[in-house]
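Pasted below: model-v5.cif, mmCIF, C-alpha atoms.
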data_work
loop_
_atom_site.group_PDB
_atom_site.id
_atom_site.type_symbol
_atom_site.label_atom_id
_atom_site.label_comp_id
_atom_site.auth_asym_id
_atom_site.auth_seq_id
_atom_site.Cartn_x
_atom_site.Cartn_y
_atom_site.Cartn_z
ATOM 1 C CA LEU A 215 19.695 -6.782 -26.120
ATOM 2 C CA ARG A 216 19.639 -10.551 -25.632
ATOM 3 C CA ILE A 217 19.792 -11.068 -21.864
ATOM 4 C CA ALA A 218 18.644 -9.081 -18.826
ATOM 5 C CA LYS A 219 20.284 -10.487 -15.693
ATOM 6 C CA LEU A 220 19.367 -9.639 -12.105
ATOM 7 C CA GLY A 221 21.298 -10.742 -9.030
ATOM 8 C CA ALA A 222 22.425 -9.560 -5.567
ATOM 9 C CA GLU A 223 18.875 -8.635 -4.465
ATOM 10 C CA GLN A 224 15.814 -10.887 -4.537
ATOM 11 C CA ALA A 225 13.988 -10.332 -7.846
ATOM 12 C CA THR A 226 10.187 -10.221 -7.947
ATOM 13 C CA SER A 227 7.333 -10.671 -10.381
ATOM 14 C CA GLU A 228 7.285 -6.871 -10.750
ATOM 15 C CA ASP A 229 10.869 -6.977 -12.021
ATOM 16 C CA PHE A 230 9.847 -9.538 -14.616
ATOM 17 C CA ALA A 231 6.839 -7.411 -15.604
ATOM 18 C CA ALA A 232 9.193 -4.435 -16.103
ATOM 19 C CA PHE A 233 11.391 -6.652 -18.291
ATOM 20 C CA GLN A 234 8.379 -7.602 -20.404
ATOM 21 C CA LYS A 235 7.408 -3.939 -20.751
ATOM 22 C CA HIS A 236 10.778 -2.467 -21.696
ATOM 23 C CA PHE A 237 12.782 -5.162 -23.493
ATOM 24 C CA PRO A 238 12.408 -7.095 -26.779
ATOM 25 C CA GLU A 239 10.227 -10.207 -26.909
ATOM 26 C CA ASP A 240 13.172 -12.373 -27.954
ATOM 27 C CA ALA A 241 15.283 -11.349 -24.931
ATOM 28 C CA ILE A 242 15.854 -13.677 -21.963
ATOM 29 C CA PHE A 243 15.366 -12.766 -18.297
ATOM 30 C CA VAL A 244 17.839 -14.416 -15.903
ATOM 31 C CA HIS A 245 17.556 -14.309 -12.118
ATOM 32 C CA THR A 246 20.703 -15.563 -10.371
ATOM 33 C CA LEU A 247 21.713 -16.599 -6.877
ATOM 34 C CA GLY A 248 25.360 -16.157 -6.036
ATOM 35 C CA CYS A 249 27.762 -15.698 -3.167
ATOM 36 C CA SER A 250 31.138 -14.030 -2.752
ATOM 37 C CA GLU A 251 32.794 -17.373 -2.018
ATOM 38 C CA ALA A 252 31.795 -19.316 -5.135
ATOM 39 C CA GLY A 253 30.213 -16.952 -7.654
ATOM 40 C CA ASN A 254 26.888 -17.865 -9.241
ATOM 41 C CA ILE A 255 25.219 -20.918 -7.699
ATOM 42 C CA ALA A 256 21.819 -21.152 -9.379
ATOM 43 C CA ALA A 257 19.844 -19.420 -12.110
ATOM 44 C CA LEU A 258 16.232 -19.080 -13.236
ATOM 45 C CA ARG A 259 15.767 -18.370 -16.944
ATOM 46 C CA LEU A 260 12.495 -16.896 -18.165
ATOM 47 C CA SER A 261 11.299 -16.054 -21.663
ATOM 48 C CA TYR A 262 9.041 -13.126 -22.524
ATOM 49 C CA GLY A 263 5.821 -15.161 -22.593
ATOM 50 C CA ASP A 264 6.378 -17.192 -19.405
ATOM 51 C CA ARG A 265 3.782 -16.954 -16.659
ATOM 52 C CA ILE A 266 4.912 -16.711 -13.056
ATOM 53 C CA HIS A 267 3.383 -16.369 -9.613
ATOM 54 C CA ASP A 268 3.154 -12.966 -7.941
ATOM 55 C CA GLY A 269 5.832 -12.181 -5.392
ATOM 56 C CA SER A 270 9.470 -13.216 -5.120
ATOM 57 C CA LEU A 271 11.037 -15.206 -7.938
ATOM 58 C CA ALA A 272 12.698 -18.553 -7.354
ATOM 59 C CA ALA A 273 16.492 -18.729 -7.600
ATOM 60 C CA GLY A 274 16.206 -21.551 -10.128
ATOM 61 C CA LYS A 275 18.272 -24.711 -10.482
ATOM 62 C CA ALA A 276 21.892 -25.290 -9.555
ATOM 63 C CA LEU A 277 24.403 -24.474 -12.283
ATOM 64 C CA LYS A 278 26.783 -27.013 -13.795
ATOM 65 C CA GLY A 279 29.436 -28.056 -11.296
ATOM 66 C CA MET A 280 27.313 -26.899 -8.338
ATOM 67 C CA GLU A 281 25.353 -29.161 -6.019
ATOM 68 C CA VAL A 282 22.905 -27.452 -3.683
ATOM 69 C CA LEU A 283 21.711 -29.247 -0.550
ATOM 70 C CA LEU A 284 19.267 -28.119 2.140
ATOM 71 C CA VAL A 285 20.140 -29.132 5.694
ATOM 72 C CA ASP A 286 18.780 -28.658 9.208
ATOM 73 C CA ASP A 287 20.650 -27.276 12.225
ATOM 74 C CA ASP A 288 22.404 -30.626 12.665
ATOM 75 C CA GLY A 289 23.596 -30.699 9.067
ATOM 76 C CA LYS A 290 21.159 -33.437 8.019
ATOM 77 C CA PRO A 291 19.167 -33.161 4.743
ATOM 78 C CA VAL A 292 15.625 -31.840 5.194
ATOM 79 C CA PRO A 293 12.579 -33.542 3.593
ATOM 80 C CA LEU A 294 11.515 -32.454 0.122
ATOM 81 C CA GLY A 295 9.583 -29.199 0.310
ATOM 82 C CA ALA A 296 10.885 -28.327 3.793
ATOM 83 C CA THR A 297 13.009 -25.271 4.540
ATOM 84 C CA GLY A 298 16.686 -25.721 5.325
ATOM 85 C CA GLU A 299 20.025 -23.965 5.101
ATOM 86 C CA VAL A 300 21.451 -23.766 1.575
ATOM 87 C CA VAL A 301 24.750 -25.695 1.483
ATOM 88 C CA LEU A 302 26.971 -25.727 -1.596
ATOM 89 C CA HIS A 303 29.147 -28.639 -2.750
ATOM 90 C CA SER A 304 31.562 -27.564 -5.498
ATOM 91 C CA ARG A 305 35.121 -27.637 -6.808
ATOM 92 C CA TYR A 306 34.900 -23.950 -7.696
ATOM 93 C CA LEU A 307 35.988 -20.939 -5.625
ATOM 94 C CA SER A 308 35.928 -17.221 -6.267
ATOM 95 C CA ALA A 309 39.187 -15.739 -7.519
ATOM 96 C CA GLY A 310 40.041 -14.224 -4.124
ATOM 97 C CA TYR A 311 40.632 -17.712 -2.662
ATOM 98 C CA TRP A 312 43.127 -18.782 -5.340
ATOM 99 C CA ARG A 313 46.235 -20.206 -3.642
ATOM 100 C CA ASN A 314 45.110 -18.815 -0.288
ATOM 101 C CA ASP A 315 44.908 -21.981 1.792
ATOM 102 C CA ALA A 316 44.373 -20.225 5.121
ATOM 103 C CA LEU A 317 41.392 -18.178 3.928
ATOM 104 C CA THR A 318 39.954 -21.163 2.043
ATOM 105 C CA ALA A 319 40.132 -23.324 5.178
ATOM 106 C CA GLU A 320 38.407 -20.564 7.147
ATOM 107 C CA ARG A 321 35.420 -20.363 4.792
ATOM 108 C CA PHE A 322 35.117 -23.926 3.474
ATOM 109 C CA SER A 323 35.264 -27.495 4.718
ATOM 110 C CA ALA A 324 36.407 -30.463 2.664
ATOM 111 C CA ASP A 325 34.025 -33.156 1.429
ATOM 112 C CA LEU A 326 35.577 -36.318 2.852
ATOM 113 C CA ASP A 327 33.749 -38.505 0.321
ATOM 114 C CA ILE A 328 34.762 -36.647 -2.868
ATOM 115 C CA PRO A 329 38.375 -35.414 -3.185
ATOM 116 C CA GLY A 330 38.662 -31.806 -4.374
ATOM 117 C CA VAL A 331 35.071 -30.901 -3.523
ATOM 118 C CA ARG A 332 34.506 -28.245 -0.881
ATOM 119 C CA ILE A 333 31.466 -27.521 1.264
ATOM 120 C CA PHE A 334 30.218 -24.013 1.919
ATOM 121 C CA ARG A 335 27.324 -23.187 4.266
ATOM 122 C CA THR A 336 25.779 -20.050 2.768
ATOM 123 C CA GLY A 337 23.629 -19.031 5.741
ATOM 124 C CA ASP A 338 20.673 -18.637 3.364
ATOM 125 C CA LEU A 339 17.438 -20.511 3.994
ATOM 126 C CA GLY A 340 15.606 -22.126 1.103
ATOM 127 C CA ARG A 341 13.239 -24.825 -0.099
ATOM 128 C CA ILE A 342 12.751 -26.749 -3.335
ATOM 129 C CA ASN A 343 9.384 -26.018 -4.930
ATOM 130 C CA ALA A 344 7.173 -28.281 -7.088
ATOM 131 C CA ASP A 345 9.104 -27.250 -10.229
ATOM 132 C CA GLY A 346 12.409 -28.330 -8.693
ATOM 133 C CA ASP A 347 13.588 -24.728 -8.342
ATOM 134 C CA LEU A 348 15.281 -23.340 -5.267
ATOM 135 C CA GLU A 349 13.241 -20.691 -3.444
ATOM 136 C CA LEU A 350 14.984 -18.472 -0.922
ATOM 137 C CA ARG A 351 13.424 -18.049 2.517
ATOM 138 C CA GLY A 352 15.702 -15.379 3.984
ATOM 139 C CA ARG A 353 18.832 -15.621 6.094
ATOM 140 C CA LYS A 354 19.452 -18.106 8.877
ATOM 141 C CA ASP A 355 20.983 -15.358 11.005
ATOM 142 C CA SER A 356 17.906 -13.156 10.475
ATOM 143 C CA LEU A 357 15.544 -15.558 12.279
ATOM 144 C CA LEU A 358 13.879 -13.880 15.250
ATOM 145 C CA LYS A 359 12.244 -15.359 18.316
ATOM 146 C CA ILE A 360 8.946 -13.577 19.021
ATOM 147 C CA ARG A 361 6.856 -14.746 21.996
ATOM 148 C CA GLY A 362 8.595 -18.120 21.821
ATOM 149 C CA TYR A 363 8.032 -18.557 18.059
ATOM 150 C CA ARG A 364 10.738 -18.596 15.392
ATOM 151 C CA VAL A 365 9.948 -15.910 12.821
ATOM 152 C CA GLU A 366 11.496 -15.336 9.390
ATOM 153 C CA PRO A 367 11.187 -11.606 8.571
ATOM 154 C CA SER A 368 11.161 -12.201 4.802
ATOM 155 C CA GLU A 369 7.890 -14.148 5.127
ATOM 156 C CA ILE A 370 6.235 -11.110 6.711
ATOM 157 C CA GLU A 371 7.837 -8.798 4.147
ATOM 158 C CA ASN A 372 6.367 -10.825 1.299
ATOM 159 C CA THR A 373 2.900 -10.593 2.855
ATOM 160 C CA ILE A 374 3.152 -6.824 3.349
ATOM 161 C CA GLN A 375 4.482 -6.319 -0.188
ATOM 162 C CA SER A 376 1.538 -8.281 -1.564
ATOM 163 C CA LEU A 377 -0.758 -5.414 -0.486
ATOM 164 C CA SER A 378 -1.790 -3.127 -3.343
ATOM 165 C CA ALA A 379 -0.707 0.059 -1.530
ATOM 166 C CA VAL A 380 2.790 -1.163 -0.652
ATOM 167 C CA GLU A 381 5.812 -0.873 -2.918
ATOM 168 C CA LYS A 382 8.479 -2.140 -0.528
ATOM 169 C CA ALA A 383 8.725 -3.380 3.058
ATOM 170 C CA ALA A 384 11.474 -4.376 5.461
ATOM 171 C CA VAL A 385 10.851 -6.239 8.729
ATOM 172 C CA TYR A 386 13.329 -6.493 11.599
ATOM 173 C CA GLY A 387 13.509 -6.961 15.352
ATOM 174 C CA ILE A 388 13.965 -4.235 17.972
ATOM 175 C CA GLU A 389 14.393 -4.642 21.707
ATOM 176 C CA ASP A 390 11.671 -3.427 24.031
ATOM 177 C CA PRO A 391 13.476 -1.116 26.521
ATOM 178 C CA GLN A 392 11.278 -2.222 29.423
ATOM 179 C CA SER A 393 10.835 -5.972 28.985
ATOM 180 C CA HIS A 394 13.994 -6.465 26.845
ATOM 181 C CA ALA A 395 11.920 -8.785 24.664
ATOM 182 C CA THR A 396 12.232 -8.631 20.886
ATOM 183 C CA ARG A 397 9.427 -6.851 19.055
ATOM 184 C CA LEU A 398 8.735 -6.749 15.334
ATOM 185 C CA ALA A 399 9.027 -3.495 13.436
ATOM 186 C CA THR A 400 8.519 -2.715 9.768
ATOM 187 C CA ALA A 401 9.483 0.129 7.467
ATOM 188 C CA VAL A 402 7.212 0.630 4.453
ATOM 189 C CA VAL A 403 7.406 2.560 1.187
ATOM 190 C CA LEU A 404 3.966 3.169 -0.329
ATOM 191 C CA ARG A 405 3.137 3.254 -4.009
ATOM 192 C CA PRO A 406 2.526 6.709 -5.495
ATOM 193 C CA GLY A 407 -1.039 7.861 -4.930
ATOM 194 C CA HIS A 408 -1.748 5.379 -2.113
ATOM 195 C CA THR A 409 -2.295 6.097 1.578
ATOM 196 C CA LEU A 410 -2.172 3.749 4.545
ATOM 197 C CA SER A 411 -1.863 4.232 8.283
ATOM 198 C CA ALA A 412 0.068 2.112 10.755
ATOM 199 C CA THR A 413 -3.177 0.974 12.359
ATOM 200 C CA GLY A 414 -4.705 0.243 8.973
ATOM 201 C CA LEU A 415 -1.696 -1.839 7.960
ATOM 202 C CA ARG A 416 -1.787 -3.893 11.151
ATOM 203 C CA MET A 417 -5.516 -4.514 10.846
ATOM 204 C CA THR A 418 -5.080 -5.601 7.228
ATOM 205 C CA LEU A 419 -2.346 -8.046 8.250
ATOM 206 C CA ARG A 420 -4.227 -9.687 11.128
ATOM 207 C CA PRO A 421 -6.345 -12.000 8.934
ATOM 208 C CA LEU A 422 -3.237 -12.861 6.885
ATOM 209 C CA LEU A 423 -0.671 -13.598 9.602
ATOM 210 C CA PRO A 424 -0.583 -15.091 13.102
ATOM 211 C CA GLY A 425 -0.784 -12.420 15.797
ATOM 212 C CA TYR A 426 2.854 -12.741 16.818
ATOM 213 C CA MET A 427 3.934 -12.013 13.221
ATOM 214 C CA VAL A 428 2.096 -8.673 12.945
ATOM 215 C CA PRO A 429 4.639 -5.846 13.500
ATOM 216 C CA SER A 430 3.898 -3.689 16.522
ATOM 217 C CA THR A 431 5.884 -0.724 15.173
ATOM 218 C CA VAL A 432 5.306 0.681 11.673
ATOM 219 C CA HIS A 433 6.876 3.699 10.033
ATOM 220 C CA PHE A 434 6.556 4.978 6.489
ATOM 221 C CA LEU A 435 9.465 6.250 4.394
ATOM 222 C CA ASP A 436 9.786 7.834 0.980
ATOM 223 C CA THR A 437 12.797 5.595 0.216
ATOM 224 C CA PHE A 438 14.946 3.084 2.077
ATOM 225 C CA PRO A 439 18.506 3.928 3.110
ATOM 226 C CA LEU A 440 21.048 1.973 1.056
ATOM 227 C CA THR A 441 24.477 0.517 1.729
ATOM 228 C CA GLN A 442 27.464 1.270 -0.512
ATOM 229 C CA GLN A 443 26.591 -1.920 -2.419
ATOM 230 C CA GLY A 444 23.119 -0.570 -3.201
ATOM 231 C CA LYS A 445 21.282 -2.946 -0.834
ATOM 232 C CA THR A 446 18.751 -1.959 1.830
ATOM 233 C CA ASP A 447 20.609 -0.726 4.922
ATOM 234 C CA ARG A 448 18.775 -2.734 7.548
ATOM 235 C CA GLU A 449 20.982 -1.489 10.362
ATOM 236 C CA ALA A 450 19.933 2.087 9.582
ATOM 237 C CA LEU A 451 16.299 0.988 9.573
ATOM 238 C CA ARG A 452 16.786 -0.788 12.898
ATOM 239 C CA ARG A 453 18.231 2.385 14.453
ATOM 240 C CA LEU A 454 15.225 4.299 13.164
ATOM 241 C CA GLY A 455 12.893 1.741 14.755
ATOM 242 C CA GLU A 456 14.720 1.916 18.091
ATOM 243 C CA ALA A 457 14.465 5.709 18.016
ATOM 244 C CA ARG A 458 10.677 5.316 18.053
ATOM 245 C CA GLN A 459 10.609 3.205 21.201
ATOM 246 C CA ASN A 460 8.912 5.993 23.146
ATOM 247 C CA GLU A 461 5.801 5.832 20.988
ATOM 248 C CA PRO A 462 2.718 4.484 22.809
ATOM 249 C CA ALA A 463 2.567 0.699 22.649
ATOM 250 C CA GLU A 464 -0.345 -0.789 20.766
ATOM 251 C CA VAL A 465 -2.934 -2.698 22.806
ATOM 252 C CA HIS A 466 -4.291 -5.574 20.729
ATOM 253 C CA PRO A 467 -7.979 -6.577 20.875
ATOM 254 C CA LYS A 468 -8.413 -9.565 23.182
ATOM 255 C CA THR A 469 -11.735 -10.874 21.856
ATOM 256 C CA THR A 470 -13.568 -11.096 18.548
ATOM 257 C CA THR A 471 -15.959 -8.378 19.700
ATOM 258 C CA GLU A 472 -13.074 -6.037 20.544
ATOM 259 C CA ALA A 473 -11.498 -6.735 17.155
ATOM 260 C CA TRP A 474 -14.727 -5.820 15.341
ATOM 261 C CA LEU A 475 -15.178 -2.656 17.435
ATOM 262 C CA ALA A 476 -11.596 -1.627 16.680
ATOM 263 C CA TYR A 477 -12.276 -2.182 12.983
ATOM 264 C CA VAL A 478 -15.457 -0.080 13.067
ATOM 265 C CA TRP A 479 -13.717 2.834 14.819
ATOM 266 C CA ALA A 480 -10.742 2.624 12.463
ATOM 267 C CA LYS A 481 -13.124 2.859 9.478
ATOM 268 C CA ALA A 482 -14.934 5.776 11.090
ATOM 269 C CA PHE A 483 -11.695 7.727 11.578
ATOM 270 C CA GLY A 484 -10.268 6.762 8.196
ATOM 271 C CA LEU A 485 -7.455 4.677 9.690
ATOM 272 C CA SER A 486 -8.068 1.441 7.761
#
As C-alpha cells, the full file:
Amino acid sequence: LRIAKLGAEQATSEDFAAFQKHFPEDAIFVHTLGCSEAGNIAALRLSYGDRIHDGSLAAGKALKGMEVLLVDDDGKPVPLGATGEVVLHSRYLSAGYWRNDALTAERFSADLDIPGVRIFRTGDLGRINADGDLELRGRKDSLLKIRGYRVEPSEIENTIQSLSAVEKAAVYGIEDPQSHATRLATAVVLRPGHTLSATGLRMTLRPLLPGYMVPSTVHFLDTFPLTQQGKTDREALRRLGEARQNEPAEVHPKTTTEAWLAYVWAKAFGLS
C-alpha cells in the first residue's frame, strides 16, 4: 500500500494515528477536501513520522488549477487568519456539468476578470492557519443564533470530542416549544469503558466554553444514525433531540457560589 486517502468526512488526529498503527512506514496519508461541483479542491499530505496537533486535520493547500479564497457575507476577502466562506476559482467542473449550460449557470458564476474561470461558493467556512493550510470551520448554513450570539456547532463538537471519555459528538439546534428560541443540543458516543452523565458533561464544558455555547440538552447513543452516503444523519439526531423537549429544563447556577455548590453535589452523587 502506498497511499491512504480520506475524504468526504472531516479527518482527525485519531485517523492519522490509526494510519500510523496499521499501515507501512513508507505509505502516505492524504486528507482531501472536495465538492460535488468541482471534485477535489485541496489536499493535506502527511508522512508516517509527521507530528500533528490533536483534533481535526487541516484540509491542506489548494490543488493545481484551484484557487481558494475566503470571503465575508458581502463577498469581500477576509483578513489573514480570519474565518470566511470558502470560494473556489477554477476552470474545472465535475463531469455532470459537461455541456450542461443551464445547470452550470445555476451552480457557478463567471469570473469577469479571467475568461473561462468560474466561481463557486461552497458554503463551507474556513481559515488559513500559520502553515498556510486551509482549516474547515463548519458550514455557513449550520450557523446558529443562540441568545443573540452566532454559534458554529463544529467548534463545540471539537471541544466535546477533546474530552477523554468522548469518541464522537454532534451539536445542533432545536426549538424550545414554549419560547420558540433556539437551544443547543448534543448527541454523544462515549469511548468503551467510559461513563459520563449529561450534568457531568455540561459542568466539564463550562470552564472551556462561554455559557451560551454549552448544550442544554444531552443524550448518549451507542452509534450515530447514518445517511445512505455514510455520513452522520443530523436530521435524525435533531428529531431525537426534539422528542426530548419534555425533559425538565436545566437551571444554570447564577453565581460563583451556586456553581461551586452544584459541583460539590454533582461529585457527591457521582454525576461529574
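The result of the PyMOL selection byres ((chain A and resi 409-420) around 7) on the shown file is Ala379, Gly407, His408, Pro421, Leu422, Leu423, Pro424, Gly425, Val428, Val432, Leu485 and Ser486 of chain A.
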The PyMOL selection byres ((chain A and resi 276) around 12) applied to the shown file, residues as number ranges by chain: A: 246-248, 253-259, 272-275, 277-283, 300-304, 342, 346-349
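Here atom CA of Lys235 of chain A stands at a distance of 25.6 Å from atom CA of Asp345 of chain A.
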Please compute the atom CA of Leu350 of chain A-atom CA of Glu320 of chain A distance, one decimal, in Å. 24.9 Å
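Atom pair atom CA of Gln443 of chain A / atom CA of Glu381 of chain A: separated by 20.8 Å.
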With a distance cut-off of 6 Å and all atoms listed in the file, select the neighbouring residues of Ser261 of chain A, excluding the residue or stretch itself and same-chain residues fewer than 2 positions from it, and output the selection as number ranges by chain. A: 242, 263-264
Hey, can you pull every residue with an atom no more than 12 Å from (9.0, -7.4, -15.9), using only C-alpha atoms, and send it as a ChimeraX atom specification? /A:218-220,225-239,241-245,260-266,268-269,271
Expected file contents, prior selection, C-alpha atoms, as a PDB file, in the coordinates of the input:
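Dumped everything to part.pdb:
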ATOM      1  CA  ALA A 218      18.644  -9.081 -18.826  1.00  0.00           C
ATOM      2  CA  LYS A 219      20.284 -10.487 -15.693  1.00  0.00           C
ATOM      3  CA  LEU A 220      19.367  -9.639 -12.105  1.00  0.00           C
ATOM      4  CA  ALA A 225      13.988 -10.332  -7.846  1.00  0.00           C
ATOM      5  CA  THR A 226      10.187 -10.221  -7.947  1.00  0.00           C
ATOM      6  CA  SER A 227       7.333 -10.671 -10.381  1.00  0.00           C
ATOM      7  CA  GLU A 228       7.285  -6.871 -10.750  1.00  0.00           C
ATOM      8  CA  ASP A 229      10.869  -6.977 -12.021  1.00  0.00           C
ATOM      9  CA  PHE A 230       9.847  -9.538 -14.616  1.00  0.00           C
ATOM     10  CA  ALA A 231       6.839  -7.411 -15.604  1.00  0.00           C
ATOM     11  CA  ALA A 232       9.193  -4.435 -16.103  1.00  0.00           C
ATOM     12  CA  PHE A 233      11.391  -6.652 -18.291  1.00  0.00           C
ATOM     13  CA  GLN A 234       8.379  -7.602 -20.404  1.00  0.00           C
ATOM     14  CA  LYS A 235       7.408  -3.939 -20.751  1.00  0.00           C
ATOM     15  CA  HIS A 236      10.778  -2.467 -21.696  1.00  0.00           C
ATOM     16  CA  PHE A 237      12.782  -5.162 -23.493  1.00  0.00           C
ATOM     17  CA  PRO A 238      12.408  -7.095 -26.779  1.00  0.00           C
ATOM     18  CA  GLU A 239      10.227 -10.207 -26.909  1.00  0.00           C
ATOM     19  CA  ALA A 241      15.283 -11.349 -24.931  1.00  0.00           C
ATOM     20  CA  ILE A 242      15.854 -13.677 -21.963  1.00  0.00           C
ATOM     21  CA  PHE A 243      15.366 -12.766 -18.297  1.00  0.00           C
ATOM     22  CA  VAL A 244      17.839 -14.416 -15.903  1.00  0.00           C
ATOM     23  CA  HIS A 245      17.556 -14.309 -12.118  1.00  0.00           C
ATOM     24  CA  LEU A 260      12.495 -16.896 -18.165  1.00  0.00           C
ATOM     25  CA  SER A 261      11.299 -16.054 -21.663  1.00  0.00           C
ATOM     26  CA  TYR A 262       9.041 -13.126 -22.524  1.00  0.00           C
ATOM     27  CA  GLY A 263       5.821 -15.161 -22.593  1.00  0.00           C
ATOM     28  CA  ASP A 264       6.378 -17.192 -19.405  1.00  0.00           C
ATOM     29  CA  ARG A 265       3.782 -16.954 -16.659  1.00  0.00           C
ATOM     30  CA  ILE A 266       4.912 -16.711 -13.056  1.00  0.00           C
ATOM     31  CA  ASP A 268       3.154 -12.966  -7.941  1.00  0.00           C
ATOM     32  CA  GLY A 269       5.832 -12.181  -5.392  1.00  0.00           C
ATOM     33  CA  LEU A 271      11.037 -15.206  -7.938  1.00  0.00           C
TER      34      LEU A 271
END
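Of the residues under consideration (A:Arg305, A:Lys290, A:Arg361, A:Arg452), A:Arg452 shows the shortest atom-to-atom contact distance to Ile388 of chain A when counting only C-alpha atoms.
With distances taken over all atoms listed in the file, A:Glu299 is the one residue among A:Glu366, A:Glu389, A:Glu371, A:Glu299 lying closest to Leu284 of chain A.
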Using the chain letters and numbering of this document, enumerate as a ChimeraX atom specification the residues selected by the PyMOL selection byres ((chain A and resi 369) around 12). /A:269-270,339-340,350-353,356-358,364-368,370-376,383-386,422-424,427-428
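Nearest residue to Gly362 of chain A, choosing from A:Ile333, A:Val292, A:Ala395, A:Leu377 and counting all atoms listed in the file: A:Ala395.
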